[in-house]
4 protein chains.
Amino acid sequence: MYDLFLRRPFMSAAGLAACNARDMITAMCAFELALAQIQENTGLLAHGTAAKLAQQLRPTQFDIESLADATANGGNVAIPFVKQARGMLTGELTSSLHVGATSQDVIDSAIMLLIKPRLQHCLALGQQVHAAGADLMRRFEATPMVGRTLMQQALPITFGRKVADWLWGYLQAEQRLAEVTHHGLFVQFGGAVGVHSGLADGLGLMDALAAELDLNAPLLPWHTDRQPVLAIAHALTGMAVAAEKISLDVALMSQNEIGELSEPAAEGVGSSSSMPHKRNPVACARIRAAAHQIRAAAATINNVGAQPLERGLGDWHAEWAPLMDAVLLLEGALESLARLLAGLEVHEDAMRKNLALTGGAIMAAPAKRLLADYLDTERAATLTREAAFTAVASGRDYADVLLEDPEIAACVDAQMLREAVDPALHTGSSRAQVARLLARLRTG
Amino acid sequence: MYDLFLRRPFMSAAGLAACNARDMITAMCAFELALAQIQENTGLLAHGTAAKLAQQLRPTQFDIESLADATANGGNVAIPFVKQARGMLTGELTSSLHVGATSQDVIDSAIMLLIKPRLQHCLALGQQVHAAGADLMRRFEATPMVGRTLMQQALPITFGRKVADWLWGYLQAEQRLAEVTHHGLFVQFGGAVGVHSGLADGLGLMDALAAELDLNAPLLPWHTDRQPVLAIAHALTGMAVAAEKISLDVALMSQNEIGELSEPAAEGVGSSSSMPHKRNPVACARIRAAAHQIRAAAATINNVGAQPLERGLGDWHAEWAPLMDAVLLLEGALESLARLLAGLEVHEDAMRKNLALTGGAIMAAPAKRLLADYLDTERAATLTREAAFTAVASGRDYADVLLEDPEIAACVDAQMLREAVDPALHTGSSRAQVARLLARLRTG
Amino acid sequence: MYDLFLRRPFMSAAGLAACNARDMITAMCAFELALAQIQENTGLLAHGTAAKLAQQLRPTQFDIESLADATANGGNVAIPFVKQARGMLTGELTSSLHVGATSQDVIDSAIMLLIKPRLQHCLALGQQVHAAGADLMRRFEATPMVGRTLMQQALPITFGRKVADWLWGYLQAEQRLAEVTHHGLFVQFGGAVGVHSGLADGLGLMDALAAELDLNAPLLPWHTDRQPVLAIAHALTGMAVAAEKISLDVALMSQNEIGELSEPAAEGVGSSSSMPHKRNPVACARIRAAAHQIRAAAATINNVGAQPLERGLGDWHAEWAPLMDAVLLLEGALESLARLLAGLEVHEDAMRKNLALTGGAIMAAPAKRLLADYLDTERAATLTREAAFTAVASGRDYADVLLEDPEIAACVDAQMLREAVDPALHTGSSRAQVARLLARLRTG
Amino acid sequence: MYDLFLRRPFMSAAGLAACNARDMITAMCAFELALAQIQENTGLLAHGTAAKLAQQLRPTQFDIESLADATANGGNVAIPFVKQARGMLTGELTSSLHVGATSQDVIDSAIMLLIKPRLQHCLALGQQVHAAGADLMRRFEATPMVGRTLMQQALPITFGRKVADWLWGYLQAEQRLAEVTHHGLFVQFGGAVGVHSGLADGLGLMDALAAELDLNAPLLPWHTDRQPVLAIAHALTGMAVAAEKISLDVALMSQNEIGELSEPAAEGVGSSSSMPHKRNPVACARIRAAAHQIRAAAATINNVGAQPLERGLGDWHAEWAPLMDAVLLLEGALESLARLLAGLEVHEDAMRKNLALTGGAIMAAPAKRLLADYLDTERAATLTREAAFTAVASGRDYADVLLEDPEIAACVDAQMLREAVDPALHTGSSRAQVARLLARLRTG
């Protein structure tokens, strides 16, 4: 389908390889087998049933295209899936399949089974992001660059501090993703109306099924209580935004006229045959494209969160693809991010050059603070502001312009003034912030 | 991929069949061939070039998987597409391909070529919707049913009027879809930065290319002016909401306790093996599922509408899949809607029964208006209100309860009162509304 | 402004009373005074400065209208606020105000100060919701009603179980709200570019300031790391959806034809002068209206989450009103919800009547299970399905129809069959679910 | 309320002044008086009724606070409004008010009356945008600047062409806004369930009422057909995105390191007391902040577009504030945009300097095209690519580097090569695009 060119390029290849239609069937079979196993364990099914089912129920033998066609009719894939599955079974086994389960039990659980390893992979990619970030922080903890507010030059920071800021955002988001990955991927099992109709100890079966499938056990079935899905969607959104923030800064700092960063160079990535000077920030583009689509997926999931009565009508159905999309898009974005940070090219000379761009006028505030010790506050403000305009207009050094003023020269030590307006000496808590972040990374 | 079960069931099968990855390649080839043709026409390329290209450039010979892989690297499919295409060409033809074009020219145009027949199909489905709606209006123009506000019974309408209301919403949305389908599907052609660099009469070529591809000619290239895409997304949203409104009413009116409508029965659609009494409103579910996802697609397109400078960074990329999704989801929803309306089962007896549910108390307002001619307004209000409560509580006929009151019986003619509270005589402008809508359908 | 009629009615009156423009100023003053206090504590400001500032800086003396006018020019209220504040101060105090702070420090912190008591109030309202829910669960733990899937009657549950389901959704959402309320309301303090330019121990000051204001201390300033705001927005969304789910079920179950629930009656609430029989579910309408707007606020916050470089450009500004709106709308929705649940009218007779609506045919599944012990499975399915259709069509009792069939009558005990199709005996794990939820409520 | 500082600064002051709660009441009174007038005209009310009502019904005498309080109870302001209104009337006039109308009739119509002059003002502001844009296009039609794709330097355009691109986006959006302003602001009049219950010629009254209020007449009442509101929301979104696109480019081009544009300087706008070198792009920030919130409003309106049965339940209520917000935010954004464009400072020297930044290497493509006439295509590509890298690395002029190569020097005329790589000679269709846009502006 068109998505081969239009959506999948932004997804993780590893993720895609594990989330084919066939993998979905495998996950659904896993649900059915686990259900039979625990029902056998509790005596509901005859001894040996699960083993026999495992032999006869072969994911590879389902007719995928006919499942897809039938899905449109009934509204979900579980209906034709169970029908095909029963067709593979001999004799009494047909009535040992899917006992007490409803379509939503199979599908919700299968989706959880599919996304669990993907979210685990996202967390594993996080380790690469941490490592690359820590390396950048260490290397550039004292490298001054200009901080920019409202996209205008403001005051100095260090590049290490910027990375610390990126990483803190990332860590906060990651903590929420880890929370849902470890504790919020629930089995679904409630039967037709969520009360295990026709089963003796439905809640006990639900708990056992969760353990069997290595999913979390919910307090109750969650057919129309979609808080678990919301929590996942929110965690994905947080991660997407954390990655997007980094990609936005990288793209801005990679503009030719700024030139402080470049995406890692790689064969065939981001080059333009007709414009050899270009190195396009393709990783940034991929991350941003993914982030926009992840947010839309989360919006859908939020919009359909309140589902009517015991089972949704179109709202549940509207969750499926967005949730899967969002997971694989995030996985793809994190792969891009890990590579981007690991190979990020940092141009310290450009950072230095940009700091000097306003002739040092970004240091007017510390100059004013220093002069205020010797002159009237108002006067200090006026002189430093005027000198700033002069420095910008003439392209000269701010300290030189200031010291040219006889009133200033008369009252302040030249060396002290030069230090007061040296950006590298005014990066505030930048290093302390890096230290804090590195410590946090160590403690996890 | 998982979308086979999770997204495609909500899409049009016809649409899917025409929007495979191979169809995207065919559309891209069509763009390149048309470009060569008009460049040949203006003497830019040698006579016969386009014909030779057409022979050598075979959509079926592209290696789809390798295109998909390479797309992730460069960020869009046009880069590897042009490379593979050149590999198929002999000698000088390689330099006759893609002359003056940029990736975005090919992709934006190819997407327009893909969606044009789909939107035309949506408009054709509209004809079925009109016909089915007109038929329902004619059959039930005088069939009384209770109107419901805030999901509570209020006053009578006719079922024909409800259909008229559905249709008017549909017509308004459809008019906007027709507008973009006929006038808003633009060719894209601007070259690397949108100014036809290196070409003599770029705007002339752009206009000619539009004519050659049977797309609309834009005033200017629209690389980062995404208003054309917004207009499409908005039209799709309008249609989705119009269809969703109908499906919402049908689902509500199909609740067992209301029972005024049923979705058409069809083999294998909406039945439940374990619950034979059920007939699930599957068409409604499909329409609602599609509508939610179309809205999310439109939100993404709105969110990335403002793209930086001469070409987007991730924002353009984020438009592709949502736009295609939204088109095919709408096409699927309209197919469901056309079938739903054509086969809708209308239960007039249930409508009648529900009208009587409050013992006629929904007619308190006309009763009050009538009595106000004979009694003090306040007194009329009090009496009719109290009688309404009595009728509801006792399950008796409202007129009977009213006439039991000696004050009322003394002042008003019984027959006149009974008529005043007969719902079928109080459907207001329902029939006039049906007439208006039918007239509009005739004039188009 | 128009919002007096169009937005505020959906908000908490208590919340509104505490979030006037004047309260915003009070919160900004609190920030400035706390900053001065901790700077005095560390010797940065002279002893007694904070006390003097507290005397001179009077929230009531700010000219609100001129602040509002000036806000449009500079883009945020902190700029004119600091200017007016300095105008109130004498002598050297002017240079003791706002030392090392930037506009965003004041505004972000003030907003956190404003929303903290509101979120605490939301959590307090939760206690009322829990109590009302627990009461409903206890009273109706065994009250059978029909469960509905895809808005069609399916199988029996109990009303207590439905409430348990509502509550579990609520508890999950509430846990996330509690998390951000207790640990995620951060002070903002970073200075112009987030590195405490010009201050000695910026991070130390930040931590102390958090303690002084009774806000949480972030690891780093979060000027363009908006994860804290995202976390709040997500928690609000979760709560909104949990409340909306309840309101959706109540509205559906309050439809006249279903009549299982009514909103609590109250003077002037939900009545209609022209239609005395109506009791509009106004609380449900209010909750749903709030939920839609809360989601939109969260979408905005998600969309602007990735902010450029050291300070946003319009994106930060776009967070303010949506965040405040969402908090006050949620507070209003929870007030409505608490009242709704505390006074919810439950009509057990209607529940009973609706269970019987299909002539008992909703019990076809257990009938089939029972008969399968005596007959061939296929045969059992056919007979029970056919009887179900007969029962629905004729409006007769399902057990009667079944027992009329000689094949069935011959093989199964009549009493056993009657029990098998008695809804009240087939509510599955409903009671166990109630027990689980009540236990969870006790342990918190 | 907090919105005084947090939302209103992004809105139009003129718009705010005309949309107070009192203005809403005035609009509601206008609806009631017009309704009485046309009912008098058709003989439904006694001669002179409307005039008497006009004397007694005084917008200034409504108790706004008590209306606001009562609104929360009933769910909308029309209920207490009609009650207060009747309280002002003498004798029989009380029964001549609001005849046949429902709350939604008054509120929907009043909102249309409020937004109509605002949308007209938006269109009037468009004239200023056109004029400022045309002026910029004329002044800079031939001013070369570098075009940027994926935020990297690509090939030359002219600044005039960029403005043409901005304007075309604007014109497309504006056409849709004009369409809804002139033809899509409908009166609402349908009575309790949309069928003019109790009135003789409801549709005729509806049409007459539209004329009386100078609103458009809909085909049918639109209580739960919200296509008219969707169309407005979509038009607002299009305009917001068109303005946002311009503000995004301006903000990017105003970055200190690029320096090609500056927002107009104005007293107290965008300056920073602590950083005198800064000129913050405050208009851009305001436009972007507004655009984000307008999109969220439109998303809400899309999300609640499908409303149940004859009157919504919370969904209608959720439209009100977002729609009003969006209109006033757009009006504010357009005011900012008109000022921004009228005073935009264009720095041609910076455009020239940035064009030279890569040593001319952005011209590798035309160099290759020229050399391909003399050398093998592959060879031409290699030489021009290598020279580009050399020019970038050494900071030298691209033509100089190329001509240094003996192979190139031997085969091509130096002057021809210099012209081939002169950006100012390679701005493609830029001037033609400006001419096209200016022509369109003239024809409207």
# chains A, B, ... in the order shown; residues from 1 in each chain; ligands from 1

$ interface_residues --of "chain A" --to "chain C" --cutoff "6 Å" --atoms "only C-alpha atoms" --output "PyMOL selection string"
chain A and resi 147-150+169+193+195-197+202+225+227+241+244-245+249+305-306+308-313+428-430

$ residues_around --residues "Leu16 in chain B" --least-positions-apart "3" --cutoff "9 Å" --atoms "only C-alpha atoms" --output "ChimeraX atom specification"
/A:1-2 /B:8,11-13,19-20,328

$ select_by_dssp --residues "range 86-154 of chain D" --states "strand (DSSP E)" --output "list of chain:residue names"
D:Pro144, D:Met145, D:Val146, D:Gly147, D:Arg148, D:Thr149, D:Gln152, D:Gln153, D:Ala154

$ atom_distance --atom1 "CA of Thr300 in chain B" --atom2 "CA of Ala297 in chain A"
9.4 Å

$ residues_around --residues "range 345-355 of chain D" --least-positions-apart "3" --cutoff "10 Å" --atoms "only C-alpha atoms" --output "MDAnalysis selection string"
(chainID A and resid 256:257) or (chainID D and resid 136 140 143:147 153:156 158:159 253:254 257:265 340:342 358:363 422:424)

$ residues_around --residues "Gln56 in chain B" --least-positions-apart "5" --cutoff "9 Å" --atoms "only C-alpha atoms" --output "JSON list (two decimals) with N, CA and C atoms, in the first residue's frame"
[["chain", "number", "residue", "atom", "x", "y", "z"],
["B", 51, "ALA", "N", 8.14, 10.02, -26.02],
["B", 51, "ALA", "CA", 7.75, 8.69, -26.49],
["B", 51, "ALA", "C", 8.80, 7.65, -26.10],
["B", 85, "ALA", "N", 14.82, 5.17, -11.87],
["B", 85, "ALA", "CA", 14.28, 5.50, -13.20],
["B", 85, "ALA", "C", 15.43, 5.75, -14.17],
["B", 88, "MET", "N", 17.01, 2.83, -15.69],
["B", 88, "MET", "CA", 16.29, 2.10, -16.75],
["B", 88, "MET", "C", 16.50, 2.72, -18.12],
["B", 89, "LEU", "N", 17.05, 3.94, -18.13],
["B", 89, "LEU", "CA", 17.07, 4.70, -19.39],
["B", 89, "LEU", "C", 18.40, 4.56, -20.10],
["B", 90, "THR", "N", 18.34, 4.72, -21.39],
["B", 90, "THR", "CA", 19.56, 4.60, -22.19],
["B", 90, "THR", "C", 20.07, 5.97, -22.54]]

$ closest_residue --among "B:Ala333, B:Val412, B:Ala101, B:Ala393" --to "Phe10 in chain B" --atoms "only C-alpha atoms"
B:Ala333
